[in-house]
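Worksheet for the structure shown next.
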Amino acid sequence: MFWFALFAATVFALYFWREHRIQQRDLQSASAPHRVGERYIGHVLTLPSAIREGEGRAKLGGRRWSLRGPDVPAGAKVRVTGVDGSILIVDRLPT
C-alpha cells in the first residue's frame with residue numbers, strides 16, 4: 001500500500017509540474033492575450049481621427065485600440081512605440 005501511495009503522489013506531482021510549466025511558457029509567449037499589443041510596436045499608422053489631450057482611437061489589426069501620445073491632427077502618421085495594458089503608446093512621425 002505504501003508503494004502505491006508513493007507512486008500515485010509522484011504521478012500527481014509530475015502532472016501538476018508539467019501543467020505549471022506549460023502555463024508559464026504560454027504566459028511568456030508573444031501571442032499571449034495580455035501581450036497582444038506588443039506585436040504592433042514599430043508599426044506606422046495613419047490616424048483616422050485626431051489625438052486630443054493625449055488620447056485617441058484607431059483601428060489596427062481588426063481591433064479598435066485606445067491611443068496615448070502627443071496631440072496629432074487626423075490624417076497624420078504615428079508610430080507605435082509601446083503598450084500600456086490595452087493602450088497603444090504612439091509618437092508622431094516627422095512630415
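Numbering starts fresh at 1 for the residues of each chain in the C-alpha cells, the chains themselves are lettered A, B, ... in the order given, and ligands are numbered from 1 as they appear.
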Spatial neighbours of stretch 56-71 of chain A, 6 Å, only C-alpha atoms, chain gap at least 2 places, as a PyMOL selection string: chain A and resi 51-52+54+87-91
Export of prior selection with C-alpha atoms as a PDB file, in the first residue's frame:
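The new file out_33.pdb reads:
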ATOM      1  CA  ILE A  51      -5.402  62.626 -30.824  1.00  0.00           C
ATOM      2  CA  ARG A  52      -6.665  65.316 -28.436  1.00  0.00           C
ATOM      3  CA  GLY A  54      -3.169  62.905 -25.273  1.00  0.00           C
ATOM      4  CA  ILE A  87      -3.500  51.199 -24.766  1.00  0.00           C
ATOM      5  CA  LEU A  88      -1.005  51.724 -27.578  1.00  0.00           C
ATOM      6  CA  ILE A  89       1.537  54.471 -26.971  1.00  0.00           C
ATOM      7  CA  VAL A  90       2.323  56.401 -30.147  1.00  0.00           C
ATOM      8  CA  ASP A  91       4.722  59.106 -31.265  1.00  0.00           C
TER       9      ASP A  91
END
Strand (DSSP E or B) call set, DSSP backbone run, chain A, as a PyMOL selection string: chain A and resi 44-46+51-52+55-60+63-68+72+77-84+87-92
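Atom to atom, atom CA of A:Gly85 and atom CA of A:Gly37 stand 7.9 Å apart.
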For the structure I just gave you, how does DSSP split chain A - specifically, which residues are alpha helix (DSSP H)? Reply as a PDB file with all heavy atoms, in the first residue's frame.
ATOM      1  N   PHE A   2       1.981   1.237   0.736  1.00  0.00           N
ATOM      2  CA  PHE A   2       2.880   2.381   0.792  1.00  0.00           C
ATOM      3  C   PHE A   2       3.417   2.716  -0.599  1.00  0.00           C
ATOM      4  O   PHE A   2       3.467   3.875  -1.000  1.00  0.00           O
ATOM      5  CB  PHE A   2       4.037   2.103   1.760  1.00  0.00           C
ATOM      6  CG  PHE A   2       5.120   3.142   1.675  1.00  0.00           C
ATOM      7  CD1 PHE A   2       4.946   4.383   2.241  1.00  0.00           C
ATOM      8  CD2 PHE A   2       6.310   2.879   0.992  1.00  0.00           C
ATOM      9  CE1 PHE A   2       5.929   5.352   2.148  1.00  0.00           C
ATOM     10  CE2 PHE A   2       7.296   3.836   0.903  1.00  0.00           C
ATOM     11  CZ  PHE A   2       7.112   5.084   1.486  1.00  0.00           C
ATOM     12  N   TRP A   3       3.816   1.687  -1.364  1.00  0.00           N
ATOM     13  CA  TRP A   3       4.389   1.916  -2.686  1.00  0.00           C
ATOM     14  C   TRP A   3       3.355   2.473  -3.654  1.00  0.00           C
ATOM     15  O   TRP A   3       3.675   3.306  -4.495  1.00  0.00           O
ATOM     16  CB  TRP A   3       5.014   0.632  -3.235  1.00  0.00           C
ATOM     17  CG  TRP A   3       6.222   0.252  -2.448  1.00  0.00           C
ATOM     18  CD1 TRP A   3       6.349  -0.807  -1.589  1.00  0.00           C
ATOM     19  CD2 TRP A   3       7.456   0.955  -2.415  1.00  0.00           C
ATOM     20  NE1 TRP A   3       7.587  -0.812  -1.019  1.00  0.00           N
ATOM     21  CE2 TRP A   3       8.296   0.271  -1.515  1.00  0.00           C
ATOM     22  CE3 TRP A   3       7.943   2.080  -3.034  1.00  0.00           C
ATOM     23  CZ2 TRP A   3       9.591   0.686  -1.237  1.00  0.00           C
ATOM     24  CZ3 TRP A   3       9.233   2.493  -2.767  1.00  0.00           C
ATOM     25  CH2 TRP A   3      10.036   1.805  -1.873  1.00  0.00           C
ATOM     26  N   PHE A   4       2.117   2.035  -3.523  1.00  0.00           N
ATOM     27  CA  PHE A   4       1.051   2.567  -4.373  1.00  0.00           C
ATOM     28  C   PHE A   4       0.826   4.045  -4.080  1.00  0.00           C
ATOM     29  O   PHE A   4       0.702   4.861  -5.002  1.00  0.00           O
ATOM     30  CB  PHE A   4      -0.252   1.786  -4.179  1.00  0.00           C
ATOM     31  CG  PHE A   4      -1.386   2.375  -4.968  1.00  0.00           C
ATOM     32  CD1 PHE A   4      -1.454   2.189  -6.345  1.00  0.00           C
ATOM     33  CD2 PHE A   4      -2.354   3.141  -4.341  1.00  0.00           C
ATOM     34  CE1 PHE A   4      -2.490   2.746  -7.083  1.00  0.00           C
ATOM     35  CE2 PHE A   4      -3.384   3.704  -5.074  1.00  0.00           C
ATOM     36  CZ  PHE A   4      -3.456   3.508  -6.446  1.00  0.00           C
ATOM     37  N   ALA A   5       0.792   4.412  -2.799  1.00  0.00           N
ATOM     38  CA  ALA A   5       0.589   5.811  -2.421  1.00  0.00           C
ATOM     39  C   ALA A   5       1.756   6.670  -2.910  1.00  0.00           C
ATOM     40  O   ALA A   5       1.559   7.784  -3.407  1.00  0.00           O
ATOM     41  CB  ALA A   5       0.430   5.927  -0.909  1.00  0.00           C
ATOM     42  N   LEU A   6       2.965   6.171  -2.785  1.00  0.00           N
ATOM     43  CA  LEU A   6       4.137   6.900  -3.268  1.00  0.00           C
ATOM     44  C   LEU A   6       4.090   7.073  -4.784  1.00  0.00           C
ATOM     45  O   LEU A   6       4.361   8.164  -5.313  1.00  0.00           O
ATOM     46  CB  LEU A   6       5.420   6.169  -2.855  1.00  0.00           C
ATOM     47  CG  LEU A   6       6.730   6.845  -3.261  1.00  0.00           C
ATOM     48  CD1 LEU A   6       6.852   8.204  -2.588  1.00  0.00           C
ATOM     49  CD2 LEU A   6       7.900   5.951  -2.907  1.00  0.00           C
ATOM     50  N   PHE A   7       3.712   6.011  -5.491  1.00  0.00           N
ATOM     51  CA  PHE A   7       3.584   6.066  -6.947  1.00  0.00           C
ATOM     52  C   PHE A   7       2.514   7.082  -7.345  1.00  0.00           C
ATOM     53  O   PHE A   7       2.738   7.921  -8.233  1.00  0.00           O
ATOM     54  CB  PHE A   7       3.242   4.679  -7.506  1.00  0.00           C
ATOM     55  CG  PHE A   7       2.930   4.695  -8.968  1.00  0.00           C
ATOM     56  CD1 PHE A   7       3.943   4.830  -9.905  1.00  0.00           C
ATOM     57  CD2 PHE A   7       1.623   4.591  -9.425  1.00  0.00           C
ATOM     58  CE1 PHE A   7       3.662   4.858 -11.266  1.00  0.00           C
ATOM     59  CE2 PHE A   7       1.334   4.617 -10.770  1.00  0.00           C
ATOM     60  CZ  PHE A   7       2.354   4.756 -11.691  1.00  0.00           C
ATOM     61  N   ALA A   8       1.355   7.039  -6.699  1.00  0.00           N
ATOM     62  CA  ALA A   8       0.258   7.961  -7.023  1.00  0.00           C
ATOM     63  C   ALA A   8       0.675   9.405  -6.753  1.00  0.00           C
ATOM     64  O   ALA A   8       0.409  10.305  -7.569  1.00  0.00           O
ATOM     65  CB  ALA A   8      -0.986   7.595  -6.221  1.00  0.00           C
ATOM     66  N   ALA A   9       1.337   9.652  -5.631  1.00  0.00           N
ATOM     67  CA  ALA A   9       1.778  11.005  -5.313  1.00  0.00           C
ATOM     68  C   ALA A   9       2.794  11.503  -6.340  1.00  0.00           C
ATOM     69  O   ALA A   9       2.757  12.666  -6.758  1.00  0.00           O
ATOM     70  CB  ALA A   9       2.383  11.040  -3.909  1.00  0.00           C
ATOM     71  N   THR A  10       3.671  10.632  -6.781  1.00  0.00           N
ATOM     72  CA  THR A  10       4.669  11.002  -7.787  1.00  0.00           C
ATOM     73  C   THR A  10       4.008  11.345  -9.119  1.00  0.00           C
ATOM     74  O   THR A  10       4.352  12.342  -9.763  1.00  0.00           O
ATOM     75  CB  THR A  10       5.695   9.870  -7.973  1.00  0.00           C
ATOM     76  OG1 THR A  10       6.307   9.584  -6.720  1.00  0.00           O
ATOM     77  CG2 THR A  10       6.752  10.243  -8.990  1.00  0.00           C
ATOM     78  N   VAL A  11       3.049  10.531  -9.522  1.00  0.00           N
ATOM     79  CA  VAL A  11       2.339  10.779 -10.783  1.00  0.00           C
ATOM     80  C   VAL A  11       1.605  12.108 -10.721  1.00  0.00           C
ATOM     81  O   VAL A  11       1.679  12.922 -11.653  1.00  0.00           O
ATOM     82  CB  VAL A  11       1.377   9.612 -11.110  1.00  0.00           C
ATOM     83  CG1 VAL A  11       0.442   9.986 -12.249  1.00  0.00           C
ATOM     84  CG2 VAL A  11       2.157   8.363 -11.452  1.00  0.00           C
ATOM     85  N   PHE A  12       0.894  12.377  -9.632  1.00  0.00           N
ATOM     86  CA  PHE A  12       0.180  13.648  -9.500  1.00  0.00           C
ATOM     87  C   PHE A  12       1.149  14.822  -9.482  1.00  0.00           C
ATOM     88  O   PHE A  12       0.896  15.842 -10.116  1.00  0.00           O
ATOM     89  CB  PHE A  12      -0.686  13.660  -8.236  1.00  0.00           C
ATOM     90  CG  PHE A  12      -1.962  12.891  -8.388  1.00  0.00           C
ATOM     91  CD1 PHE A  12      -2.220  11.808  -7.567  1.00  0.00           C
ATOM     92  CD2 PHE A  12      -2.906  13.238  -9.339  1.00  0.00           C
ATOM     93  CE1 PHE A  12      -3.398  11.090  -7.696  1.00  0.00           C
ATOM     94  CE2 PHE A  12      -4.082  12.529  -9.480  1.00  0.00           C
ATOM     95  CZ  PHE A  12      -4.328  11.447  -8.653  1.00  0.00           C
ATOM     96  N   ALA A  13       2.254  14.702  -8.783  1.00  0.00           N
ATOM     97  CA  ALA A  13       3.239  15.781  -8.719  1.00  0.00           C
ATOM     98  C   ALA A  13       3.819  16.072 -10.099  1.00  0.00           C
ATOM     99  O   ALA A  13       3.949  17.238 -10.496  1.00  0.00           O
ATOM    100  CB  ALA A  13       4.347  15.424  -7.741  1.00  0.00           C
ATOM    101  N   LEU A  14       4.151  15.041 -10.847  1.00  0.00           N
ATOM    102  CA  LEU A  14       4.691  15.236 -12.194  1.00  0.00           C
ATOM    103  C   LEU A  14       3.656  15.871 -13.122  1.00  0.00           C
ATOM    104  O   LEU A  14       3.986  16.743 -13.936  1.00  0.00           O
ATOM    105  CB  LEU A  14       5.182  13.911 -12.770  1.00  0.00           C
ATOM    106  CG  LEU A  14       6.471  13.373 -12.160  1.00  0.00           C
ATOM    107  CD1 LEU A  14       6.772  11.981 -12.715  1.00  0.00           C
ATOM    108  CD2 LEU A  14       7.623  14.315 -12.435  1.00  0.00           C
ATOM    109  N   TYR A  15       2.416  15.444 -13.002  1.00  0.00           N
ATOM    110  CA  TYR A  15       1.347  16.002 -13.834  1.00  0.00           C
ATOM    111  C   TYR A  15       1.195  17.498 -13.563  1.00  0.00           C
ATOM    112  O   TYR A  15       1.177  18.309 -14.497  1.00  0.00           O
ATOM    113  CB  TYR A  15       0.029  15.270 -13.571  1.00  0.00           C
ATOM    114  CG  TYR A  15      -1.139  15.924 -14.258  1.00  0.00           C
ATOM    115  CD1 TYR A  15      -1.346  15.762 -15.618  1.00  0.00           C
ATOM    116  CD2 TYR A  15      -2.019  16.726 -13.545  1.00  0.00           C
ATOM    117  CE1 TYR A  15      -2.410  16.379 -16.264  1.00  0.00           C
ATOM    118  CE2 TYR A  15      -3.085  17.342 -14.168  1.00  0.00           C
ATOM    119  CZ  TYR A  15      -3.275  17.168 -15.524  1.00  0.00           C
ATOM    120  OH  TYR A  15      -4.320  17.774 -16.146  1.00  0.00           O
ATOM    121  N   PHE A  16       1.083  17.902 -12.296  1.00  0.00           N
ATOM    122  CA  PHE A  16       0.889  19.309 -11.969  1.00  0.00           C
ATOM    123  C   PHE A  16       2.133  20.139 -12.276  1.00  0.00           C
ATOM    124  O   PHE A  16       2.026  21.294 -12.695  1.00  0.00           O
ATOM    125  CB  PHE A  16       0.464  19.474 -10.508  1.00  0.00           C
ATOM    126  CG  PHE A  16      -0.964  19.037 -10.291  1.00  0.00           C
ATOM    127  CD1 PHE A  16      -1.246  17.921  -9.530  1.00  0.00           C
ATOM    128  CD2 PHE A  16      -2.008  19.729 -10.878  1.00  0.00           C
ATOM    129  CE1 PHE A  16      -2.558  17.513  -9.343  1.00  0.00           C
ATOM    130  CE2 PHE A  16      -3.317  19.326 -10.699  1.00  0.00           C
ATOM    131  CZ  PHE A  16      -3.598  18.216  -9.926  1.00  0.00           C
ATOM    132  N   TRP A  17       3.311  19.585 -12.139  1.00  0.00           N
ATOM    133  CA  TRP A  17       4.532  20.290 -12.502  1.00  0.00           C
ATOM    134  C   TRP A  17       4.554  20.561 -14.009  1.00  0.00           C
ATOM    135  O   TRP A  17       4.883  21.661 -14.452  1.00  0.00           O
ATOM    136  CB  TRP A  17       5.754  19.463 -12.075  1.00  0.00           C
ATOM    137  CG  TRP A  17       7.052  20.057 -12.503  1.00  0.00           C
ATOM    138  CD1 TRP A  17       7.669  21.145 -11.972  1.00  0.00           C
ATOM    139  CD2 TRP A  17       7.878  19.610 -13.564  1.00  0.00           C
ATOM    140  NE1 TRP A  17       8.845  21.395 -12.625  1.00  0.00           N
ATOM    141  CE2 TRP A  17       8.999  20.460 -13.619  1.00  0.00           C
ATOM    142  CE3 TRP A  17       7.791  18.555 -14.473  1.00  0.00           C
ATOM    143  CZ2 TRP A  17      10.009  20.302 -14.547  1.00  0.00           C
ATOM    144  CZ3 TRP A  17       8.802  18.408 -15.399  1.00  0.00           C
ATOM    145  CH2 TRP A  17       9.893  19.278 -15.432  1.00  0.00           C
ATOM    146  N   ARG A  18       4.165  19.545 -14.786  1.00  0.00           N
ATOM    147  CA  ARG A  18       4.126  19.703 -16.242  1.00  0.00           C
ATOM    148  C   ARG A  18       3.104  20.766 -16.638  1.00  0.00           C
ATOM    149  O   ARG A  18       3.376  21.621 -17.490  1.00  0.00           O
ATOM    150  CB  ARG A  18       3.777  18.366 -16.896  1.00  0.00           C
ATOM    151  CG  ARG A  18       3.704  18.437 -18.397  1.00  0.00           C
ATOM    152  CD  ARG A  18       3.378  17.048 -18.974  1.00  0.00           C
ATOM    153  NE  ARG A  18       3.105  17.126 -20.369  1.00  0.00           N
ATOM    154  CZ  ARG A  18       1.901  17.345 -20.902  1.00  0.00           C
ATOM    155  NH1 ARG A  18       0.865  17.506 -20.123  1.00  0.00           N
ATOM    156  NH2 ARG A  18       1.743  17.396 -22.204  1.00  0.00           N
ATOM    157  N   GLU A  19       1.925  20.750 -16.046  1.00  0.00           N
ATOM    158  CA  GLU A  19       0.899  21.753 -16.346  1.00  0.00           C
ATOM    159  C   GLU A  19       1.378  23.159 -15.982  1.00  0.00           C
ATOM    160  O   GLU A  19       1.127  24.111 -16.714  1.00  0.00           O
ATOM    161  CB  GLU A  19      -0.399  21.424 -15.598  1.00  0.00           C
ATOM    162  CG  GLU A  19      -1.110  20.203 -16.131  1.00  0.00           C
ATOM    163  CD  GLU A  19      -1.540  20.365 -17.571  1.00  0.00           C
ATOM    164  OE1 GLU A  19      -2.099  21.433 -17.925  1.00  0.00           O
ATOM    165  OE2 GLU A  19      -1.297  19.430 -18.359  1.00  0.00           O
ATOM    166  N   HIS A  20       2.061  23.273 -14.869  1.00  0.00           N
ATOM    167  CA  HIS A  20       2.595  24.566 -14.456  1.00  0.00           C
ATOM    168  C   HIS A  20       3.616  25.084 -15.473  1.00  0.00           C
ATOM    169  O   HIS A  20       3.606  26.266 -15.830  1.00  0.00           O
ATOM    170  CB  HIS A  20       3.240  24.450 -13.065  1.00  0.00           C
ATOM    171  CG  HIS A  20       3.925  25.693 -12.620  1.00  0.00           C
ATOM    172  ND1 HIS A  20       3.235  26.814 -12.218  1.00  0.00           N
ATOM    173  CD2 HIS A  20       5.239  26.015 -12.535  1.00  0.00           C
ATOM    174  CE1 HIS A  20       4.098  27.762 -11.909  1.00  0.00           C
ATOM    175  NE2 HIS A  20       5.317  27.294 -12.088  1.00  0.00           N
ATOM    176  N   ARG A  21       4.492  24.221 -15.948  1.00  0.00           N
ATOM    177  CA  ARG A  21       5.500  24.630 -16.942  1.00  0.00           C
ATOM    178  C   ARG A  21       4.836  25.061 -18.244  1.00  0.00           C
ATOM    179  O   ARG A  21       5.251  26.041 -18.860  1.00  0.00           O
ATOM    180  CB  ARG A  21       6.471  23.480 -17.209  1.00  0.00           C
ATOM    181  CG  ARG A  21       7.269  23.145 -15.974  1.00  0.00           C
ATOM    182  CD  ARG A  21       8.742  22.972 -16.115  1.00  0.00           C
ATOM    183  NE  ARG A  21       9.381  23.553 -17.251  1.00  0.00           N
ATOM    184  CZ  ARG A  21      10.264  22.916 -18.016  1.00  0.00           C
ATOM    185  NH1 ARG A  21      10.593  21.675 -17.749  1.00  0.00           N
ATOM    186  NH2 ARG A  21      10.832  23.521 -19.022  1.00  0.00           N
ATOM    187  N   ILE A  22       3.814  24.354 -18.680  1.00  0.00           N
ATOM    188  CA  ILE A  22       3.097  24.723 -19.906  1.00  0.00           C
ATOM    189  C   ILE A  22       2.432  26.082 -19.733  1.00  0.00           C
ATOM    190  O   ILE A  22       2.488  26.940 -20.623  1.00  0.00           O
ATOM    191  CB  ILE A  22       2.067  23.639 -20.279  1.00  0.00           C
ATOM    192  CG1 ILE A  22       2.788  22.369 -20.738  1.00  0.00           C
ATOM    193  CG2 ILE A  22       1.106  24.140 -21.346  1.00  0.00           C
ATOM    194  CD1 ILE A  22       1.881  21.179 -20.922  1.00  0.00           C
ATOM    195  N   GLN A  23       1.806  26.302 -18.592  1.00  0.00           N
ATOM    196  CA  GLN A  23       1.148  27.578 -18.327  1.00  0.00           C
ATOM    197  C   GLN A  23       2.161  28.722 -18.318  1.00  0.00           C
ATOM    198  O   GLN A  23       1.900  29.781 -18.888  1.00  0.00           O
ATOM    199  CB  GLN A  23       0.411  27.520 -17.001  1.00  0.00           C
ATOM    200  CG  GLN A  23      -0.338  28.791 -16.677  1.00  0.00           C
ATOM    201  CD  GLN A  23      -1.008  28.713 -15.323  1.00  0.00           C
ATOM    202  OE1 GLN A  23      -0.626  27.932 -14.474  1.00  0.00           O
ATOM    203  NE2 GLN A  23      -2.008  29.547 -15.128  1.00  0.00           N
ATOM    204  N   GLN A  24       3.309  28.531 -17.699  1.00  0.00           N
ATOM    205  CA  GLN A  24       4.325  29.573 -17.663  1.00  0.00           C
ATOM    206  C   GLN A  24       4.863  29.876 -19.060  1.00  0.00           C
ATOM    207  O   GLN A  24       5.092  31.029 -19.414  1.00  0.00           O
ATOM    208  CB  GLN A  24       5.480  29.172 -16.732  1.00  0.00           C
ATOM    209  CG  GLN A  24       5.082  29.134 -15.280  1.00  0.00           C
ATOM    210  CD  GLN A  24       4.531  30.453 -14.800  1.00  0.00           C
ATOM    211  OE1 GLN A  24       5.122  31.499 -15.036  1.00  0.00           O
ATOM    212  NE2 GLN A  24       3.383  30.420 -14.152  1.00  0.00           N
ATOM    213  N   ARG A  25       5.041  28.844 -19.874  1.00  0.00           N
ATOM    214  CA  ARG A  25       5.517  29.053 -21.244  1.00  0.00           C
ATOM    215  C   ARG A  25       4.489  29.843 -22.049  1.00  0.00           C
ATOM    216  O   ARG A  25       4.839  30.747 -22.798  1.00  0.00           O
ATOM    217  CB  ARG A  25       5.788  27.705 -21.900  1.00  0.00           C
ATOM    218  CG  ARG A  25       6.389  27.864 -23.301  1.00  0.00           C
ATOM    219  CD  ARG A  25       6.446  26.562 -24.049  1.00  0.00           C
ATOM    220  NE  ARG A  25       5.081  26.130 -24.321  1.00  0.00           N
ATOM    221  CZ  ARG A  25       4.683  24.876 -24.328  1.00  0.00           C
ATOM    222  NH1 ARG A  25       5.521  23.906 -24.077  1.00  0.00           N
ATOM    223  NH2 ARG A  25       3.434  24.572 -24.585  1.00  0.00           N
ATOM    224  N   ASP A  26       3.213  29.517 -21.868  1.00  0.00           N
ATOM    225  CA  ASP A  26       2.166  30.230 -22.595  1.00  0.00           C
ATOM    226  C   ASP A  26       2.082  31.689 -22.172  1.00  0.00           C
ATOM    227  O   ASP A  26       1.824  32.567 -22.996  1.00  0.00           O
ATOM    228  CB  ASP A  26       0.813  29.548 -22.392  1.00  0.00           C
ATOM    229  CG  ASP A  26       0.728  28.210 -23.095  1.00  0.00           C
ATOM    230  OD1 ASP A  26       1.593  27.931 -23.966  1.00  0.00           O
ATOM    231  OD2 ASP A  26      -0.184  27.431 -22.774  1.00  0.00           O
ATOM    232  N   LEU A  27       2.298  31.972 -20.898  1.00  0.00           N
ATOM    233  CA  LEU A  27       2.261  33.359 -20.432  1.00  0.00           C
ATOM    234  C   LEU A  27       3.411  34.183 -20.993  1.00  0.00           C
ATOM    235  O   LEU A  27       3.286  35.391 -21.179  1.00  0.00           O
ATOM    236  CB  LEU A  27       2.289  33.405 -18.901  1.00  0.00           C
ATOM    237  CG  LEU A  27       0.998  32.997 -18.204  1.00  0.00           C
ATOM    238  CD1 LEU A  27       1.204  32.947 -16.704  1.00  0.00           C
ATOM    239  CD2 LEU A  27      -0.129  33.940 -18.565  1.00  0.00           C
ATOM    240  N   GLN A  28       4.534  33.555 -21.286  1.00  0.00           N
ATOM    241  CA  GLN A  28       5.690  34.253 -21.831  1.00  0.00           C
ATOM    242  C   GLN A  28       5.624  34.391 -23.349  1.00  0.00           C
ATOM    243  O   GLN A  28       6.411  35.103 -23.947  1.00  0.00           O
ATOM    244  CB  GLN A  28       6.987  33.529 -21.447  1.00  0.00           C
ATOM    245  CG  GLN A  28       7.218  33.468 -19.957  1.00  0.00           C
ATOM    246  CD  GLN A  28       7.302  34.846 -19.338  1.00  0.00           C
ATOM    247  OE1 GLN A  28       7.893  35.739 -19.894  1.00  0.00           O
ATOM    248  NE2 GLN A  28       6.700  34.995 -18.170  1.00  0.00           N
TER     249      GLN A  28
END
